[in-house]
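Enquirer: One structure is given below, represented as structure tokens, and several questions about it will come after.
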Amino acid sequence: MLTLVTGTTGQVGRRFVPRLLAQSRPGERVRILVRDAARAERFAELGAEVVVGDLRDPEALGKAVAGVDSVVNVAASFRGVPDEDAWAVNRDAAVELGRAALASGVGRFVQVSTQLVYGTGRGRPLTEEDESRPGGEMWGAYCESKVAAERELLALEGMDVLVGRLPFVYGEGDPHLAQSLMWARNWAPAQRLQLAHHADVAQGLLRLLHAPGVAGRIYNIGDDAPVTAVELHQLNGAEVPAELHEHTDPDPWFGIVSTERIRRELGYRPLYPTVWAARDAGAL
């Protein structure tokens, strides 16, 4: 089995690939697509095959998917990029990768997406059956392009396509937890953020990659206890601003998801059920 992974130099990909390699059985290989060969050296040392090229280049895609059995598309463009770049990578390149994979005989395609595609809250934990409802302060080209990619990829026939929707990801030196204060300092005290540690993101994606009989399914990945704005300040050793207590939460269920499906169907159980457990384990 040969698995292609894209987006391997981002925060998720760079932590997922070593775990995929570590769990590979005899005869299983991993290939990565990167734009910069120098940034792939650490993966090559771990045993990954390297294809140098851009996800938006059809020739590079052809080389990347040749002989591949499965694909995990982690690549994403967001936070501060122009809208056209977000659409080019998150939808256009993802769909072209899916089509190239299908033409090459790939059996399984795992699309890594975001729980922001749900849009506004529903007054309860969001489930995979919920339709996208555009809106909210986090809505924009990133969310729109990701949900568009999901729809087009799931419509491909002749290949098992699965979608893993990620929450706010943290851990193992990832700066995301510190960066969360950019938003949390303007939230209501009890406003919550759904999290998943990198170890659990990798666990979830590996389950999607290997589970039989789940073609066409979407799975939320997350931990068991969303964290509040006050707790985010505490975790970062930051003083809670007095004005925080003057704010109200406009959508208390925004971004809060149910992980029942992945737990029941794929046996997923968070290694770090809370961010506090990760902190106590020294895994932040």
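Letters A, B, ... mark the chains of the structure tokens in the order given; residue numbers begin at 1 per chain; ligand numbers begin at 1, in order shown.
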Within 6 Å of segment 185-199 of chain A, counting only C-alpha atoms, which residues qualify if same-chain residues fewer than 5 places away don't, as a list in words?

Expert: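 Non-adjacent residues within range: Pro167, Phe168, Val169, Tyr170, Gly171, Gly222, Asp223, Pro226, Val227, Thr228, Ala229, Val230, Leu244, His245, His247, Thr248, Asp249 and Ile256 of chain A.
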
Enquirer: With N, CA, C and O atoms kept, could you save the residues just selected as an mmCIF file, in the first residue's frame?

Expert:
```cif
data_model
loop_
_atom_site.group_PDB
_atom_site.id
_atom_site.type_symbol
_atom_site.label_atom_id
_atom_site.label_comp_id
_atom_site.auth_asym_id
_atom_site.auth_seq_id
_atom_site.Cartn_x
_atom_site.Cartn_y
_atom_site.Cartn_z
ATOM 1 N N PRO A 167 -11.384 20.545 14.269
ATOM 2 C CA PRO A 167 -11.655 21.755 15.035
ATOM 3 C C PRO A 167 -10.376 22.588 15.124
ATOM 4 O O PRO A 167 -9.495 22.475 14.270
ATOM 5 N N PHE A 168 -10.245 23.386 16.154
ATOM 6 C CA PHE A 168 -9.022 24.136 16.426
ATOM 7 C C PHE A 168 -7.988 23.146 16.958
ATOM 8 O O PHE A 168 -8.219 22.463 17.952
ATOM 9 N N VAL A 169 -6.864 23.053 16.275
ATOM 10 C CA VAL A 169 -5.862 22.026 16.570
ATOM 11 C C VAL A 169 -4.711 22.637 17.376
ATOM 12 O O VAL A 169 -4.299 23.779 17.138
ATOM 13 N N TYR A 170 -4.186 21.878 18.319
ATOM 14 C CA TYR A 170 -3.126 22.393 19.190
ATOM 15 C C TYR A 170 -2.193 21.246 19.594
ATOM 16 O O TYR A 170 -2.446 20.080 19.337
ATOM 17 N N GLY A 171 -1.110 21.617 20.309
ATOM 18 C CA GLY A 171 -0.236 20.625 20.930
ATOM 19 C C GLY A 171 1.115 20.493 20.285
ATOM 20 O O GLY A 171 1.333 20.889 19.134
ATOM 21 N N GLY A 222 -12.578 15.556 17.376
ATOM 22 C CA GLY A 222 -12.464 16.554 18.438
ATOM 23 C C GLY A 222 -12.264 15.898 19.786
ATOM 24 O O GLY A 222 -12.311 14.670 19.908
ATOM 25 N N ASP A 223 -12.029 16.735 20.793
ATOM 26 C CA ASP A 223 -11.898 16.184 22.146
ATOM 27 C C ASP A 223 -13.242 16.246 22.851
ATOM 28 O O ASP A 223 -14.279 16.509 22.229
ATOM 29 N N PRO A 226 -14.875 21.283 25.022
ATOM 30 C CA PRO A 226 -14.502 22.595 24.492
ATOM 31 C C PRO A 226 -14.047 23.520 25.619
ATOM 32 O O PRO A 226 -14.533 23.434 26.745
ATOM 33 N N VAL A 227 -13.131 24.417 25.313
ATOM 34 C CA VAL A 227 -12.500 25.252 26.328
ATOM 35 C C VAL A 227 -13.034 26.682 26.214
ATOM 36 O O VAL A 227 -13.317 27.172 25.128
ATOM 37 N N THR A 228 -13.201 27.359 27.358
ATOM 38 C CA THR A 228 -13.773 28.705 27.371
ATOM 39 C C THR A 228 -12.702 29.772 27.152
ATOM 40 O O THR A 228 -11.495 29.521 27.268
ATOM 41 N N ALA A 229 -13.177 30.993 26.882
ATOM 42 C CA ALA A 229 -12.262 32.115 26.695
ATOM 43 C C ALA A 229 -11.430 32.361 27.948
ATOM 44 O O ALA A 229 -10.233 32.656 27.868
ATOM 45 N N VAL A 230 -12.052 32.241 29.111
ATOM 46 C CA VAL A 230 -11.312 32.421 30.360
ATOM 47 C C VAL A 230 -10.217 31.369 30.477
ATOM 48 O O VAL A 230 -9.061 31.661 30.822
ATOM 49 N N LEU A 244 -13.623 41.520 29.304
ATOM 50 C CA LEU A 244 -14.143 40.245 28.821
ATOM 51 C C LEU A 244 -15.517 39.961 29.429
ATOM 52 O O LEU A 244 -16.405 39.424 28.767
ATOM 53 N N HIS A 245 -15.684 40.340 30.676
ATOM 54 C CA HIS A 245 -16.917 40.037 31.397
ATOM 55 C C HIS A 245 -18.067 40.951 30.992
ATOM 56 O O HIS A 245 -19.194 40.782 31.478
ATOM 57 N N HIS A 247 -18.784 41.197 27.726
ATOM 58 C CA HIS A 247 -19.207 40.676 26.436
ATOM 59 C C HIS A 247 -20.241 39.560 26.608
ATOM 60 O O HIS A 247 -20.266 38.863 27.625
ATOM 61 N N THR A 248 -21.067 39.388 25.594
ATOM 62 C CA THR A 248 -22.013 38.278 25.557
ATOM 63 C C THR A 248 -21.725 37.417 24.333
ATOM 64 O O THR A 248 -21.191 37.892 23.322
ATOM 65 N N ASP A 249 -22.070 36.153 24.436
ATOM 66 C CA ASP A 249 -21.814 35.193 23.361
ATOM 67 C C ASP A 249 -22.988 35.223 22.379
ATOM 68 O O ASP A 249 -24.109 34.851 22.737
ATOM 69 N N ILE A 256 -19.302 24.004 18.016
ATOM 70 C CA ILE A 256 -19.293 22.911 18.993
ATOM 71 C C ILE A 256 -19.893 21.676 18.327
ATOM 72 O O ILE A 256 -21.037 21.702 17.881
#
```

Enquirer: Out of segment 58-193 of chain A, which residues get helix (DSSP H, G or I) from DSSP, as a PyMOL selection string?

Expert: chain A and resi 58-65+83-103+115-118+141-154+176-179+181-184

Enquirer: Which neighbours of Glu157 of chain A fall inside 10 Å, counting only C-alpha atoms, when residues of the same chain fewer than 6 positions from it are skipped, and could you give them as an NGL selection string?

Expert: :A and (99 or 102 or 216)

Enquirer: How would the residues just picked look written out with all heavy atoms as a short mmCIF file (atom, residue, chain, number, x, y, z; two decimals), in the first residue's frame?

Expert:
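Dumped to result.cif:
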```cif
data_model
loop_
_atom_site.label_atom_id
_atom_site.label_comp_id
_atom_site.auth_asym_id
_atom_site.auth_seq_id
_atom_site.Cartn_x
_atom_site.Cartn_y
_atom_site.Cartn_z
N ARG A 99 -9.60 14.11 -8.81
CA ARG A 99 -9.79 13.59 -10.16
C ARG A 99 -8.56 12.85 -10.66
O ARG A 99 -8.67 11.80 -11.30
CB ARG A 99 -10.14 14.75 -11.11
CG ARG A 99 -11.52 15.34 -10.85
CD ARG A 99 -11.74 16.61 -11.64
NE ARG A 99 -13.08 17.15 -11.45
CZ ARG A 99 -13.44 18.38 -11.75
NH1 ARG A 99 -12.55 19.23 -12.29
NH2 ARG A 99 -14.68 18.79 -11.54
N LEU A 102 -8.48 9.51 -8.89
CA LEU A 102 -9.46 8.60 -9.48
C LEU A 102 -8.95 8.02 -10.79
O LEU A 102 -9.04 6.81 -11.03
CB LEU A 102 -10.77 9.35 -9.70
CG LEU A 102 -11.91 8.57 -10.36
CD1 LEU A 102 -12.31 7.36 -9.52
CD2 LEU A 102 -13.11 9.49 -10.59
N GLY A 216 -17.78 7.61 1.52
CA GLY A 216 -18.78 8.67 1.46
C GLY A 216 -19.17 9.25 2.79
O GLY A 216 -20.07 10.10 2.86
#
```

Enquirer: What gap, in Å, lies between atom CA of Gly47 of chain A and atom CA of Asp160 of chain A?

Expert: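 Distance between the two atoms: 26.2 Å.
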
Enquirer: Could you make a table, as a tab-separated table, of the residues of segment 198-261 of chain A that have an atom within 12 Å of an atom of segment 56-76 of chain A, each with its nearest atom pair and distance in Å to one decimal, counting only C-alpha atoms, in chain and number order?

Expert:
```
residue	atom	partner	partner_atom	distance
A:Val201	CA	A:Val74	CA	11.2
A:Ala202	CA	A:Val74	CA	11.0
A:Gly204	CA	A:Val72	CA	12.0
A:Leu205	CA	A:Val72	CA	8.2
A:Leu206	CA	A:Val72	CA	9.4
A:Arg207	CA	A:Val72	CA	11.7
A:Leu208	CA	A:Val72	CA	9.4
A:Leu209	CA	A:Val72	CA	7.6
A:His210	CA	A:Ser70	CA	9.5
```

Enquirer: Go ahead and save the residues from that selection, with C-alpha atoms, as a compact mmCIF listing (two decimals), in the first residue's frame.

Expert:
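What ended up in result31.txt:
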```txt
# COMPACT_ATOMS: atom_id res chain seq x y z
CA VAL A 201 -6.13 14.48 14.82
CA ALA A 202 -3.64 11.88 13.60
CA GLY A 204 -8.80 10.22 13.62
CA LEU A 205 -7.25 10.53 10.16
CA LEU A 206 -5.60 7.12 10.46
CA ARG A 207 -8.96 5.59 11.31
CA LEU A 208 -10.49 7.22 8.23
CA LEU A 209 -7.62 5.98 6.12
CA HIS A 210 -7.87 2.33 7.17
```

Enquirer: If you run DSSP over the backbone, which residues in segment 31-123 of chain A end up strand (DSSP E)? Put them as number ranges by chain.

Expert: A: 31-34, 49-52, 70-73, 108-114

Enquirer: Can you measure atom CA of Ala86 of chain A to atom CA of Gly119 of chain A for me? One decimal in Å is fine.

Expert: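 Spanning atom CA of Ala86 of chain A to atom CA of Gly119 of chain A is a straight-line distance of 17.2 Å.
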
Enquirer: For Phe254 of chain A, which residue out of A:Glu150, A:Glu137, A:Asp200, A:Asp83 is the nearest one, using only C-alpha atoms?

Expert: A:Glu137

Enquirer: Would you mind listing what lies within 6 Å of Leu33 of chain A as a compact mmCIF listing (two decimals) with N, CA and C atoms, in the first residue's frame, with only C-alpha atoms counted and same-chain residues fewer than 2 positions away left out?

Expert:
```
# COMPACT_ATOMS: atom_id res chain seq x y z
N THR A 6 -0.51 15.19 1.24
CA THR A 6 -0.19 16.57 0.86
C THR A 6 -0.23 17.45 2.10
N VAL A 51 8.02 13.78 -3.61
CA VAL A 51 7.78 14.34 -4.93
C VAL A 51 7.73 15.85 -4.76
N VAL A 52 8.58 16.55 -5.51
CA VAL A 52 8.64 18.01 -5.41
C VAL A 52 7.73 18.62 -6.48
```

Enquirer: Please determine, counting only C-alpha atoms, which residue among A:Ala242, A:Ile218, A:Ala40, A:Leu235 has the shortest atom-to-atom distance to Leu177 of chain A.

Expert: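 Of A:Ala242, A:Ile218, A:Ala40, A:Leu235, the one nearest Leu177 of chain A is A:Leu235, counting only C-alpha atoms.
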
Enquirer: Which one is closest to Arg35 of chain A: A:Ala100, A:Val163, A:Val17, A:Leu55? Count only C-alpha atoms.

Expert: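 Of the candidates, the smallest distance to Arg35 of chain A is held by A:Leu55.
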
Enquirer: For Lys146 of chain A, find every residue with an atom within 7 Å (counting only C-alpha atoms), except residues of its own chain fewer than 6 positions away, and show them as a ChimeraX atom specification.

Expert: /A:90-91,113,117

Enquirer: In terms of the shortest atom-to-atom distance over only C-alpha atoms, which of A:Gly107, A:Gly13, A:Gly80, A:Pro212 is closest to Met159 of chain A?

Expert: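 Looking at the shortest contact to Met159 of chain A, the residue is A:Gly107.
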
Enquirer: Find the residue from A:Gln203, A:Arg124, A:His233, A:Ala37 that sits nearest to Arg15 of chain A; use only C-alpha atoms when measuring.

Expert: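 Answer, going by the shortest atom-to-atom distance: A:Gln203.
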
Enquirer: Mind giving me the straight-line distance from atom CA of Pro18 of chain A to atom CA of Ala44 of chain A in Å, one decimal?

Expert: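 Distance reported for this atom pair: 10.3 Å.
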